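upload.cif (mmCIF, C-alpha atoms)
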data_target
loop_
_atom_site.label_atom_id
_atom_site.label_comp_id
_atom_site.auth_asym_id
_atom_site.auth_seq_id
_atom_site.Cartn_x
_atom_site.Cartn_y
_atom_site.Cartn_z
CA MET A 9 -8.19 -22.69 -17.94
CA ASN A 10 -10.34 -23.96 -15.09
CA LYS A 11 -12.34 -21.84 -12.64
CA ASN A 12 -9.81 -22.12 -9.81
CA PHE A 13 -8.98 -18.88 -8.08
CA ILE A 14 -6.07 -17.78 -5.94
CA ILE A 15 -5.74 -15.38 -3.04
CA ASN A 16 -2.25 -14.21 -2.10
CA ILE A 17 -1.69 -12.48 1.19
CA GLY A 18 1.36 -10.42 2.06
CA ARG A 19 1.53 -9.19 5.65
CA GLN A 20 3.51 -7.30 8.24
CA LEU A 21 4.63 -9.38 11.20
CA GLY A 22 2.07 -9.03 13.97
CA SER A 23 -0.67 -7.73 11.65
CA GLY A 24 -2.85 -10.82 12.04
CA GLY A 25 -2.40 -11.51 8.31
CA ARG A 26 -1.96 -15.25 8.78
CA GLU A 27 -5.08 -15.50 10.95
CA ILE A 28 -7.05 -13.45 8.43
CA GLY A 29 -5.83 -15.72 5.63
CA GLU A 30 -6.71 -18.87 7.54
CA LYS A 31 -10.24 -17.65 8.33
CA LEU A 32 -10.80 -16.43 4.80
CA ALA A 33 -9.66 -19.72 3.28
CA ALA A 34 -11.99 -21.64 5.63
CA ARG A 35 -14.95 -19.44 4.70
CA LEU A 36 -14.31 -19.85 0.99
CA GLY A 37 -13.55 -23.55 1.37
CA ILE A 38 -10.16 -23.36 -0.33
CA GLY A 39 -6.68 -24.66 0.51
CA PHE A 40 -4.55 -22.65 2.94
CA TYR A 41 -0.76 -22.67 2.54
CA ASP A 42 1.79 -21.08 4.80
CA LYS A 43 4.19 -23.30 6.75
CA GLU A 44 2.31 -26.16 5.16
CA LEU A 45 3.93 -25.19 1.93
CA ILE A 46 7.34 -25.87 3.34
CA LYS A 47 6.39 -29.43 4.17
CA LEU A 48 4.95 -29.95 0.74
CA ALA A 49 8.00 -28.51 -0.94
CA SER A 50 10.11 -30.77 1.20
CA GLU A 51 8.19 -33.89 0.25
CA GLU A 52 8.17 -32.84 -3.40
CA SER A 53 11.92 -32.46 -3.62
CA GLY A 54 12.96 -35.26 -1.32
CA LEU A 55 14.87 -32.66 0.73
CA CYS A 56 14.59 -32.52 4.48
CA CYS A 57 11.89 -30.29 5.96
CA GLU A 58 14.28 -28.61 8.37
CA PHE A 59 16.33 -27.43 5.44
CA PHE A 60 13.40 -25.44 4.03
CA GLU A 61 12.59 -24.01 7.40
CA ARG A 62 16.06 -22.54 7.69
CA ALA A 63 15.85 -20.98 4.23
CA ASP A 64 12.23 -19.86 4.56
CA GLU A 65 11.68 -16.39 3.11
CA ARG A 66 15.35 -15.53 3.02
CA ALA A 67 16.78 -13.96 -0.10
CA SER A 68 19.60 -15.57 -2.00
CA GLN A 69 22.40 -13.57 -0.35
CA SER A 70 22.25 -15.98 2.56
CA ILE A 71 23.61 -19.08 0.93
CA ILE A 72 23.24 -22.21 2.96
CA GLY A 73 26.34 -24.33 3.16
CA GLY A 74 25.84 -28.05 3.17
CA LEU A 75 24.90 -30.90 0.94
CA PHE A 76 21.41 -32.29 0.99
CA SER A 77 20.52 -35.20 -1.16
CA MET A 78 18.92 -38.54 -0.76
CA ARG A 79 22.38 -40.00 -0.25
CA PHE A 80 23.50 -37.44 2.33
CA PRO A 81 20.44 -36.80 4.48
CA PHE A 82 20.27 -33.74 6.74
CA VAL A 83 22.18 -34.12 9.95
CA SER A 84 19.86 -32.92 12.66
CA ASP A 85 22.52 -32.14 15.27
CA GLY A 86 23.71 -29.21 13.15
CA ALA A 87 26.87 -30.91 11.82
CA VAL A 88 26.71 -30.17 8.13
CA PRO A 89 28.77 -31.99 5.48
CA ALA A 90 30.82 -29.31 3.71
CA THR A 91 31.10 -31.02 0.36
CA ASN A 92 28.53 -28.90 -1.50
CA CYS A 93 26.16 -25.90 -1.47
CA LEU A 94 22.50 -25.58 -2.33
CA SER A 95 21.52 -21.95 -2.78
CA ASN A 96 18.27 -20.38 -1.66
CA ASP A 97 17.56 -19.79 -5.35
CA ALA A 98 17.29 -23.53 -5.85
CA LEU A 99 14.95 -23.77 -2.88
CA PHE A 100 12.89 -20.90 -4.25
CA LYS A 101 12.60 -22.81 -7.52
CA VAL A 102 11.36 -25.95 -5.77
CA GLN A 103 8.84 -23.95 -3.74
CA SER A 104 7.67 -22.10 -6.87
CA ASP A 105 6.99 -25.39 -8.62
CA VAL A 106 4.92 -26.58 -5.65
CA ILE A 107 2.94 -23.32 -5.60
CA ARG A 108 2.23 -23.58 -9.34
CA LYS A 109 1.19 -27.21 -9.02
CA LEU A 110 -1.20 -26.49 -6.14
CA ALA A 111 -2.70 -23.50 -7.97
CA HIS A 112 -3.30 -25.70 -10.97
CA GLN A 113 -4.97 -28.41 -8.88
CA HIS A 114 -7.42 -26.32 -6.87
CA SER A 115 -8.32 -22.89 -5.44
CA CYS A 116 -5.82 -21.81 -2.78
CA LEU A 117 -4.85 -19.05 -0.43
CA PHE A 118 -1.09 -18.52 -0.07
CA VAL A 119 0.50 -16.47 2.69
CA GLY A 120 3.80 -14.83 1.70
CA ARG A 121 6.49 -16.67 -0.27
CA CYS A 122 6.17 -14.43 -3.36
CA ALA A 123 3.18 -16.49 -4.49
CA ASP A 124 1.61 -13.41 -6.12
CA TYR A 125 4.71 -13.03 -8.28
CA ILE A 126 5.03 -16.74 -8.99
CA LEU A 127 1.38 -16.85 -10.09
CA ARG A 128 1.43 -13.49 -11.90
CA ASP A 129 0.00 -15.02 -15.09
CA HIS A 130 -2.89 -16.74 -13.31
CA PRO A 131 -6.10 -15.10 -14.60
CA ARG A 132 -8.01 -15.33 -11.32
CA CYS A 133 -5.71 -13.98 -8.62
CA VAL A 134 -6.48 -11.50 -5.86
CA ASN A 135 -3.44 -10.01 -4.15
CA VAL A 136 -3.92 -8.57 -0.69
CA PHE A 137 -1.60 -6.96 1.85
CA ILE A 138 -2.41 -6.77 5.55
CA SER A 139 -0.82 -3.95 7.52
CA CYS A 140 -1.59 -2.88 11.07
CA SER A 141 -0.89 0.01 13.42
CA ARG A 142 2.47 -0.30 15.17
CA GLU A 143 0.87 -0.23 18.61
CA GLU A 144 -1.50 -3.07 17.81
CA ARG A 145 1.28 -5.19 16.26
CA ILE A 146 3.45 -4.72 19.34
CA ARG A 147 0.54 -5.64 21.60
CA ARG A 148 -0.16 -8.80 19.58
CA LEU A 149 3.48 -9.94 19.52
CA CYS A 150 3.92 -9.33 23.25
CA ARG A 151 0.82 -11.42 23.93
CA ILE A 152 1.69 -14.30 21.59
CA HIS A 153 5.37 -14.61 22.46
CA ALA A 154 5.29 -13.30 26.04
CA ILE A 155 8.08 -10.81 25.31
CA SER A 156 8.79 -7.17 26.15
CA GLU A 157 7.64 -4.29 23.96
CA GLN A 158 11.21 -3.61 22.94
CA ALA A 159 11.77 -7.23 21.94
CA ALA A 160 8.52 -7.15 19.96
CA GLU A 161 9.62 -4.03 18.10
CA GLU A 162 12.96 -5.58 17.23
CA MET A 163 11.34 -8.83 16.11
CA MET A 164 8.86 -6.90 13.98
CA ASP A 165 11.37 -4.70 12.21
CA LYS A 166 13.75 -7.58 11.56
CA ALA A 167 11.02 -9.85 10.17
CA ASP A 168 9.60 -7.17 7.89
CA ARG A 169 13.06 -6.25 6.62
CA LYS A 170 13.66 -9.90 5.73
CA ARG A 171 10.28 -10.30 4.07
CA ALA A 172 10.89 -7.17 2.00
CA GLU A 173 14.37 -8.37 1.02
CA TYR A 174 13.04 -11.75 -0.01
CA TYR A 175 10.13 -10.34 -1.99
CA ASN A 176 12.11 -7.56 -3.68
CA TYR A 177 14.87 -9.99 -4.60
CA TYR A 178 12.62 -12.58 -6.25
CA SER A 179 9.89 -10.38 -7.76
CA TYR A 180 9.89 -7.25 -9.93
CA LYS A 181 7.62 -5.43 -7.50
CA LYS A 182 8.00 -3.86 -4.08
CA TRP A 183 6.90 -5.52 -0.86
CA GLY A 184 4.39 -3.42 1.08
CA ALA A 185 3.88 -0.84 -1.71
CA ALA A 186 0.20 -0.14 -2.40
CA GLU A 187 0.65 -0.56 -6.16
CA THR A 188 1.92 -4.13 -5.73
CA TYR A 189 -1.48 -5.36 -4.48
CA HIS A 190 -5.14 -5.13 -5.43
CA LEU A 191 -6.14 -4.33 -1.87
CA CYS A 192 -4.22 -3.29 1.25
CA ILE A 193 -5.93 -2.96 4.57
CA ASP A 194 -4.90 -1.99 8.08
CA SER A 195 -6.34 -4.76 10.27
CA SER A 196 -6.44 -2.53 13.34
CA VAL A 197 -9.17 -0.36 11.78
CA LEU A 198 -11.99 -2.92 11.74
CA GLY A 199 -10.40 -5.73 13.80
CA ILE A 200 -9.54 -9.23 12.57
CA ASP A 201 -13.02 -10.65 11.95
CA ALA A 202 -14.48 -7.58 10.27
CA THR A 203 -11.34 -7.39 8.13
CA VAL A 204 -11.96 -10.99 7.04
CA ASP A 205 -15.53 -9.97 6.09
CA PHE A 206 -14.31 -7.01 4.16
CA VAL A 207 -11.57 -8.83 2.24
CA GLU A 208 -14.02 -11.64 1.48
CA GLU A 209 -16.43 -9.11 -0.03
CA PHE A 210 -13.67 -7.67 -2.19
CA VAL A 211 -12.65 -11.15 -3.38
CA ARG A 212 -16.26 -12.06 -4.20
CA ARG A 213 -16.82 -8.85 -6.17
CA ARG A 214 -13.54 -9.19 -7.98
CA LEU A 215 -14.11 -12.82 -8.98
CA GLY A 216 -17.89 -12.71 -9.30
CA LEU A 217 -18.30 -15.50 -6.72
CA MET B 2 -14.60 17.33 19.82
CA ASN B 3 -17.51 17.41 17.40
CA LYS B 4 -18.70 14.53 15.21
CA ASN B 5 -17.04 15.79 12.03
CA PHE B 6 -15.12 13.22 10.07
CA ILE B 7 -12.40 13.46 7.48
CA ILE B 8 -11.50 11.35 4.47
CA ASN B 9 -8.05 11.83 2.97
CA ILE B 10 -7.30 10.39 -0.44
CA GLY B 11 -3.82 9.90 -1.86
CA ARG B 12 -3.69 8.73 -5.48
CA GLN B 13 -1.48 7.82 -8.39
CA LEU B 14 -1.91 10.08 -11.42
CA GLY B 15 -4.44 8.52 -13.78
CA SER B 16 -5.91 6.23 -11.11
CA GLY B 17 -9.27 8.01 -11.03
CA GLY B 18 -8.60 8.94 -7.40
CA ARG B 19 -9.94 12.46 -7.78
CA GLU B 20 -13.15 11.22 -9.42
CA ILE B 21 -13.59 8.59 -6.71
CA GLY B 22 -13.09 11.27 -4.05
CA GLU B 23 -15.55 13.62 -5.70
CA LYS B 24 -18.26 10.94 -5.95
CA LEU B 25 -17.65 9.71 -2.42
CA ALA B 26 -17.88 13.23 -0.98
CA ALA B 27 -21.15 13.82 -2.87
CA ARG B 28 -22.63 10.56 -1.56
CA LEU B 29 -21.69 11.36 2.01
CA GLY B 30 -22.73 14.98 1.67
CA ILE B 31 -19.39 16.39 2.80
CA GLY B 32 -17.05 19.07 1.46
CA PHE B 33 -14.64 18.13 -1.33
CA TYR B 34 -11.26 19.84 -1.52
CA ASP B 35 -8.64 19.43 -4.21
CA LYS B 36 -7.79 22.40 -6.42
CA GLU B 37 -10.50 24.21 -4.51
CA LEU B 38 -8.17 24.21 -1.59
CA ILE B 39 -5.69 26.28 -3.51
CA LYS B 40 -8.22 29.01 -4.09
CA LEU B 41 -9.21 28.99 -0.45
CA ALA B 42 -5.60 29.14 0.67
CA SER B 43 -5.08 31.97 -1.70
CA GLU B 44 -8.02 33.96 -0.39
CA GLU B 45 -7.02 33.18 3.17
CA SER B 46 -3.51 34.52 2.78
CA GLY B 47 -4.18 37.36 0.42
CA LEU B 48 -1.65 35.79 -1.97
CA CYS B 49 -2.41 35.36 -5.63
CA CYS B 50 -4.03 32.11 -6.68
CA GLU B 51 -1.54 31.56 -9.50
CA PHE B 52 1.25 31.51 -6.97
CA PHE B 53 -0.26 28.53 -5.16
CA GLU B 54 -0.88 26.75 -8.42
CA ARG B 55 2.80 26.97 -9.30
CA ALA B 56 3.84 25.64 -5.90
CA ASP B 57 1.11 23.00 -5.71
CA GLU B 58 2.38 19.73 -4.30
CA ARG B 59 6.04 20.57 -4.80
CA ALA B 60 8.51 19.96 -2.01
CA SER B 61 10.58 22.70 -0.52
CA GLN B 62 13.68 21.98 -2.64
CA SER B 63 12.07 23.94 -5.42
CA ILE B 64 12.15 27.38 -3.87
CA ILE B 65 10.16 29.94 -5.75
CA GLY B 66 11.99 33.18 -6.29
CA GLY B 67 9.96 36.33 -6.06
CA LEU B 68 8.22 38.51 -3.61
CA PHE B 69 4.52 38.18 -3.06
CA SER B 70 2.80 40.49 -0.72
CA MET B 71 -0.09 42.80 -0.80
CA ARG B 72 2.26 45.58 -1.77
CA PHE B 73 4.00 43.62 -4.57
CA PRO B 74 1.21 41.67 -6.20
CA PHE B 75 1.98 38.71 -8.45
CA VAL B 76 3.06 39.69 -11.93
CA SER B 77 1.10 37.47 -14.26
CA ASP B 78 3.42 37.74 -17.28
CA GLY B 79 6.06 35.77 -15.42
CA ALA B 80 8.30 38.73 -14.62
CA VAL B 81 9.07 38.24 -10.96
CA PRO B 82 10.51 40.89 -8.68
CA ALA B 83 13.76 39.49 -7.29
CA THR B 84 13.77 41.34 -4.01
CA ASN B 85 12.67 38.45 -1.83
CA CYS B 86 11.78 34.75 -1.65
CA LEU B 87 8.76 32.95 -0.28
CA SER B 88 9.53 29.28 0.17
CA ASN B 89 7.17 26.41 -0.48
CA ASP B 90 7.40 25.75 3.25
CA ALA B 91 5.57 28.99 3.91
CA LEU B 92 2.93 28.04 1.35
CA PHE B 93 2.62 24.61 2.94
CA LYS B 94 2.02 26.35 6.26
CA VAL B 95 -0.74 28.53 4.81
CA GLN B 96 -2.39 25.52 3.16
CA SER B 97 -2.11 23.49 6.38
CA ASP B 98 -3.90 26.21 8.32
CA VAL B 99 -6.71 26.22 5.76
CA ILE B 100 -7.01 22.41 5.92
CA ARG B 101 -7.18 22.48 9.72
CA LYS B 102 -9.74 25.26 9.69
CA LEU B 103 -11.98 23.41 7.20
CA ALA B 104 -11.68 20.15 9.15
CA HIS B 105 -12.72 21.98 12.29
CA GLN B 106 -15.73 23.55 10.57
CA HIS B 107 -17.30 20.50 8.92
CA SER B 108 -16.76 16.99 7.52
CA CYS B 109 -14.49 17.05 4.47
CA LEU B 110 -12.75 14.92 1.89
CA PHE B 111 -9.27 16.10 0.94
CA VAL B 112 -7.39 14.87 -2.10
CA GLY B 113 -3.60 14.92 -1.71
CA ARG B 114 -1.72 17.83 -0.14
CA CYS B 115 -0.54 15.81 2.90
CA ALA B 116 -3.91 16.37 4.55
CA ASP B 117 -3.66 12.98 6.30
CA TYR B 118 -0.42 14.12 7.93
CA ILE B 119 -1.69 17.61 8.71
CA LEU B 120 -4.79 16.11 10.37
CA ARG B 121 -2.95 13.19 12.04
CA ASP B 122 -4.41 14.05 15.45
CA HIS B 123 -8.00 14.22 14.22
CA PRO B 124 -9.88 11.36 15.95
CA ARG B 125 -12.17 10.57 13.00
CA CYS B 126 -9.96 10.31 9.93
CA VAL B 127 -9.96 7.64 7.23
CA ASN B 128 -6.87 7.61 5.01
CA VAL B 129 -7.21 5.97 1.62
CA PHE B 130 -4.84 5.49 -1.31
CA ILE B 131 -6.05 4.82 -4.85
CA SER B 132 -3.68 2.94 -7.14
CA CYS B 133 -4.46 1.50 -10.57
CA SER B 134 -2.90 -0.86 -13.10
CA ARG B 135 -0.34 0.85 -15.32
CA GLU B 136 -2.27 -0.05 -18.49
CA GLU B 137 -5.51 1.47 -17.23
CA ARG B 138 -3.77 4.64 -16.06
CA ILE B 139 -2.13 5.11 -19.45
CA ARG B 140 -5.47 4.55 -21.19
CA ARG B 141 -7.18 7.11 -18.98
CA LEU B 142 -4.47 9.77 -19.43
CA CYS B 143 -4.40 9.27 -23.22
CA ARG B 144 -8.16 9.73 -23.32
CA ILE B 145 -8.32 12.79 -21.04
CA HIS B 146 -5.34 14.67 -22.46
CA ALA B 147 -5.38 13.33 -26.04
CA ILE B 148 -1.71 12.38 -25.84
CA SER B 149 0.43 9.41 -26.92
CA GLU B 150 1.03 6.41 -24.69
CA GLN B 151 4.64 7.44 -24.27
CA ALA B 152 3.67 10.95 -23.23
CA ALA B 153 1.15 9.51 -20.77
CA GLU B 154 3.82 7.28 -19.22
CA GLU B 155 6.20 10.20 -18.82
CA MET B 156 3.48 12.42 -17.35
CA MET B 157 2.49 9.67 -14.93
CA ASP B 158 5.98 8.89 -13.66
CA LYS B 159 6.87 12.55 -13.28
CA ALA B 160 3.67 13.40 -11.39
CA ASP B 161 3.98 10.46 -9.01
CA ARG B 162 7.63 11.23 -8.34
CA LYS B 163 6.66 14.80 -7.42
CA ARG B 164 3.78 13.67 -5.24
CA ALA B 165 6.04 11.25 -3.41
CA GLU B 166 8.73 13.91 -2.94
CA TYR B 167 6.18 16.38 -1.60
CA TYR B 168 4.58 13.88 0.75
CA ASN B 169 7.82 12.36 2.01
CA TYR B 170 9.32 15.79 2.60
CA TYR B 171 6.44 17.15 4.67
CA SER B 172 5.25 14.03 6.50
CA TYR B 173 6.97 11.32 8.54
CA LYS B 174 5.42 8.57 6.41
CA LYS B 175 5.96 7.25 2.91
CA TRP B 176 3.73 8.09 -0.03
CA GLY B 177 2.15 5.02 -1.63
CA ALA B 178 3.30 2.59 1.12
CA ALA B 179 0.47 0.35 2.35
CA GLU B 180 1.28 1.07 6.00
CA THR B 181 0.73 4.81 5.50
CA TYR B 182 -3.02 4.33 4.86
CA HIS B 183 -6.00 2.54 6.36
CA LEU B 184 -7.08 1.24 2.97
CA CYS B 185 -5.40 1.06 -0.45
CA ILE B 186 -7.30 -0.11 -3.47
CA ASP B 187 -6.48 -0.66 -7.14
CA SER B 188 -9.35 1.08 -8.96
CA SER B 189 -8.91 -1.08 -12.07
CA VAL B 190 -10.09 -4.18 -10.18
CA LEU B 191 -13.72 -3.15 -9.60
CA GLY B 192 -13.90 0.00 -11.76
CA ILE B 193 -14.53 3.55 -10.55
CA ASP B 194 -18.13 3.30 -9.35
CA ALA B 195 -17.79 -0.04 -7.57
CA THR B 196 -14.59 1.28 -5.97
CA VAL B 197 -16.58 4.25 -4.65
CA ASP B 198 -19.13 1.78 -3.21
CA PHE B 199 -16.40 -0.25 -1.60
CA VAL B 200 -14.52 2.68 -0.06
CA GLU B 201 -17.81 4.12 1.17
CA GLU B 202 -18.56 0.85 2.93
CA PHE B 203 -15.15 0.88 4.59
CA VAL B 204 -15.63 4.47 5.74
CA ARG B 205 -19.09 3.71 7.14
CA ARG B 206 -17.83 0.67 9.05
CA ARG B 207 -14.81 2.52 10.35
CA LEU B 208 -16.78 5.53 11.55
CA GLY B 209 -20.01 3.74 12.46
CA LEU B 210 -22.03 5.96 10.07
#
Please express the file's structure as structure tokens.
Amino acid sequence: MNKNFIINIGRQLGSGGREIGEKLAARLGIGFYDKELIKLASEESGLCCEFFERADERASQSIIGGLFSMRFPFVSDGAVPATNCLSNDALFKVQSDVIRKLAHQHSCLFVGRCADYILRDHPRCVNVFISCSREERIRRLCRIHAISEQAAEEMMDKADRKRAEYYNYYSYKKWGAAETYHLCIDSSVLGIDATVDFVEEFVRRRLGL
Amino acid sequence: MNKNFIINIGRQLGSGGREIGEKLAARLGIGFYDKELIKLASEESGLCCEFFERADERASQSIIGGLFSMRFPFVSDGAVPATNCLSNDALFKVQSDVIRKLAHQHSCLFVGRCADYILRDHPRCVNVFISCSREERIRRLCRIHAISEQAAEEMMDKADRKRAEYYNYYSYKKWGAAETYHLCIDSSVLGIDATVDFVEEFVRRRLGL
């Protein structure tokens, strides 16, 4: 086994988890994969990118109707050929293969997408969860999306419910439970940059970097 | 408000959480309260210590039959006068008052007992949860109690279920959920002493010590 290492970040919507992951990956000089992963999975499988975006982090219950192959490319106006179905399980499989391939090639930081579960046998993984006070999450979502507090709360609860469903469906652990991760931290306590510092320190101690 | 600060530690059985708390309190030179709290609550209320031990961290469902007052002292052979009942809710109330009183008097570290919920309005609280890999917890319990792996697993699951029931009954948050705490850490990643270092650093940054 090579000396590659992996950081997996789970996060509540509005916690700043993606930003923390991006900054941490830049500091450590490793690959960062979030939405990027979708593109890669798309290229890997020959399936259309938009298809992965629609299925992104949704558990298998929501089957996507439609046939997507090289012979029947995705129809971007929403008209979907009804001749076949490709389940989210199949998409999960494609994405898992991409995650494993990337982890084998070099050190990476993955945000979401059950990467901690997919890479559970990797000997040099650090699994982190970023939470945040409700007030701070609402403030951040209102600012980013220019929406009302109520809309932010709804968006937040819906997104986290979906993330939990997706994670709990595909892994044997529980999304957002302390025991699922090596470290969980509330980003509102120290702020984004000091949280990056702190997680970096944990990663360095854990991996002896 | 004075400059007192509070550290609350939740922990899985066998995680080393109590040891981490004890060492951290010693380093910071603050009061440490775990079983000690029971004695204090007992003295405070004039109720027998054994009574609190039996009710310790059990939710209200398990009502304790028996009358305990200064006039009908606890009967240590287990024979309990059936004339009255004192619920765990009443005991929780007594313990809560003791926790609040201690927190008002000086800086403290509390292990378990919903202290984070009881002190939710304290402006200088740090709430920490200590988890640990299942294998390490079993190893520790086998060593401490000289029991089989199977017995350790049963002890562990039963204790955590009770702690969760107690916490979830008396607080509005969820025991062991990342979002309930400021920091959650798996003590098997860095080991006990390095985990103490790490939590201490977090506490110092959070409180500006």
Item to check | Selection dump of the PyMOL selection byres ((chain B) within 12 of (chain A)), as a ChimeraX atom specification | outcome: /B:11-13,16,125-135,161,175-192,195-196,198-200,202-209
Checklist entry - Which is closest to Glu27 of chain A among A:Gly54, A:Ser179, A:Glu208, A:Val119, if we use all atoms listed in the file? => result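 For Glu27 of chain A, the nearest of the candidates is A:Val119.
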Taking the file above as input, evaluate the PyMOL selection byres ((chain B and resi 119-124) around 9) and report the hits as a CSV table (one decimal) with C-alpha atoms, in the coordinates of the input.
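What landed in part_25.csv:
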chain,number,residue,atom,x,y,z
B,2,MET,CA,-14.6,17.3,19.8
B,6,PHE,CA,-15.1,13.2,10.1
B,7,ILE,CA,-12.4,13.5,7.5
B,97,SER,CA,-2.1,23.5,6.4
B,98,ASP,CA,-3.9,26.2,8.3
B,100,ILE,CA,-7.0,22.4,5.9
B,101,ARG,CA,-7.2,22.5,9.7
B,104,ALA,CA,-11.7,20.2,9.2
B,114,ARG,CA,-1.7,17.8,-0.1
B,115,CYS,CA,-0.5,15.8,2.9
B,116,ALA,CA,-3.9,16.4,4.6
B,117,ASP,CA,-3.7,13.0,6.3
B,118,TYR,CA,-0.4,14.1,7.9
B,125,ARG,CA,-12.2,10.6,13.0
B,126,CYS,CA,-10.0,10.3,9.9
B,172,SER,CA,5.2,14.0,6.5
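The gap separating atom CA of Tyr175 of chain A from atom CA of Cys150 of chain A is 26.0 Å, in Å to one decimal.
The shortest atom-to-atom distance to Leu14 of chain B, with all atoms listed in the file taken into account, belongs to B:Met157 out of B:Ile193, B:Ile31, B:Met157, B:Leu38.
Among the candidate residues B:Leu110, B:Val99, B:Leu41, B:Ala91, the one lying nearest to Glu23 of chain B is B:Leu110, with distances computed using all atoms listed in the file.
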Checklist entry - When you draw a straight line from atom CA of Tyr34 of chain B to atom CA of Ser88 of chain B, how long is it in Å? => result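 Going from atom CA of Tyr34 of chain B over to atom CA of Ser88 of chain B, I get 22.9 Å.
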Checklist entry - Which is closest to Met156 of chain B among B:Asp194, B:Gly15, B:Ile8, B:Lys24, if we use all atoms listed in the file? => result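 Nearest to Met156 of chain B: B:Gly15.
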Item to check | Straight-line distance linking atom CA of Lys181 of chain A with atom CA of Asn16 of chain A, stated in Å to one decimal | outcome: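 Computing it gives 14.3 Å between the two atoms.
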Please write C-alpha atoms of segment 156-188 of chain B, from the structure given just now, as a JSON list (two decimals), in the first residue's frame.
[["chain", "number", "residue", "atom", "x", "y", "z"],
["B", 156, "MET", "CA", -22.27, -4.19, 29.26],
["B", 157, "MET", "CA", -21.33, -1.54, 26.69],
["B", 158, "ASP", "CA", -24.56, -1.65, 24.71],
["B", 159, "LYS", "CA", -26.71, -1.68, 27.83],
["B", 160, "ALA", "CA", -24.87, 1.26, 29.42],
["B", 161, "ASP", "CA", -25.00, 3.39, 26.27],
["B", 162, "ARG", "CA", -28.67, 2.64, 25.77],
["B", 163, "LYS", "CA", -29.36, 3.81, 29.32],
["B", 164, "ARG", "CA", -27.24, 6.92, 28.93],
["B", 165, "ALA", "CA", -29.04, 7.81, 25.72],
["B", 166, "GLU", "CA", -32.46, 7.21, 27.30],
["B", 167, "TYR", "CA", -31.54, 9.38, 30.28],
["B", 168, "TYR", "CA", -30.14, 12.18, 28.17],
["B", 169, "ASN", "CA", -32.89, 12.16, 25.56],
["B", 170, "TYR", "CA", -35.56, 12.12, 28.24],
["B", 171, "TYR", "CA", -34.25, 15.09, 30.19],
["B", 172, "SER", "CA", -32.81, 17.26, 27.42],
["B", 173, "TYR", "CA", -34.11, 18.55, 24.08],
["B", 174, "LYS", "CA", -31.08, 17.18, 22.24],
["B", 175, "LYS", "CA", -29.85, 13.74, 21.24],
["B", 176, "TRP", "CA", -27.16, 11.84, 23.08],
["B", 177, "GLY", "CA", -24.17, 10.97, 20.88],
["B", 178, "ALA", "CA", -25.33, 13.12, 17.91],
["B", 179, "ALA", "CA", -22.54, 15.35, 16.56],
["B", 180, "GLU", "CA", -24.78, 18.42, 16.55],
["B", 181, "THR", "CA", -25.39, 18.13, 20.31],
["B", 182, "TYR", "CA", -21.73, 18.93, 21.12],
["B", 183, "HIS", "CA", -19.06, 21.46, 20.21],
["B", 184, "LEU", "CA", -16.47, 18.72, 19.72],
["B", 185, "CYS", "CA", -16.67, 14.93, 19.42],
["B", 186, "ILE", "CA", -13.55, 12.85, 19.27],
["B", 187, "ASP", "CA", -12.78, 9.15, 18.93],
["B", 188, "SER", "CA", -10.22, 8.50, 21.69]]
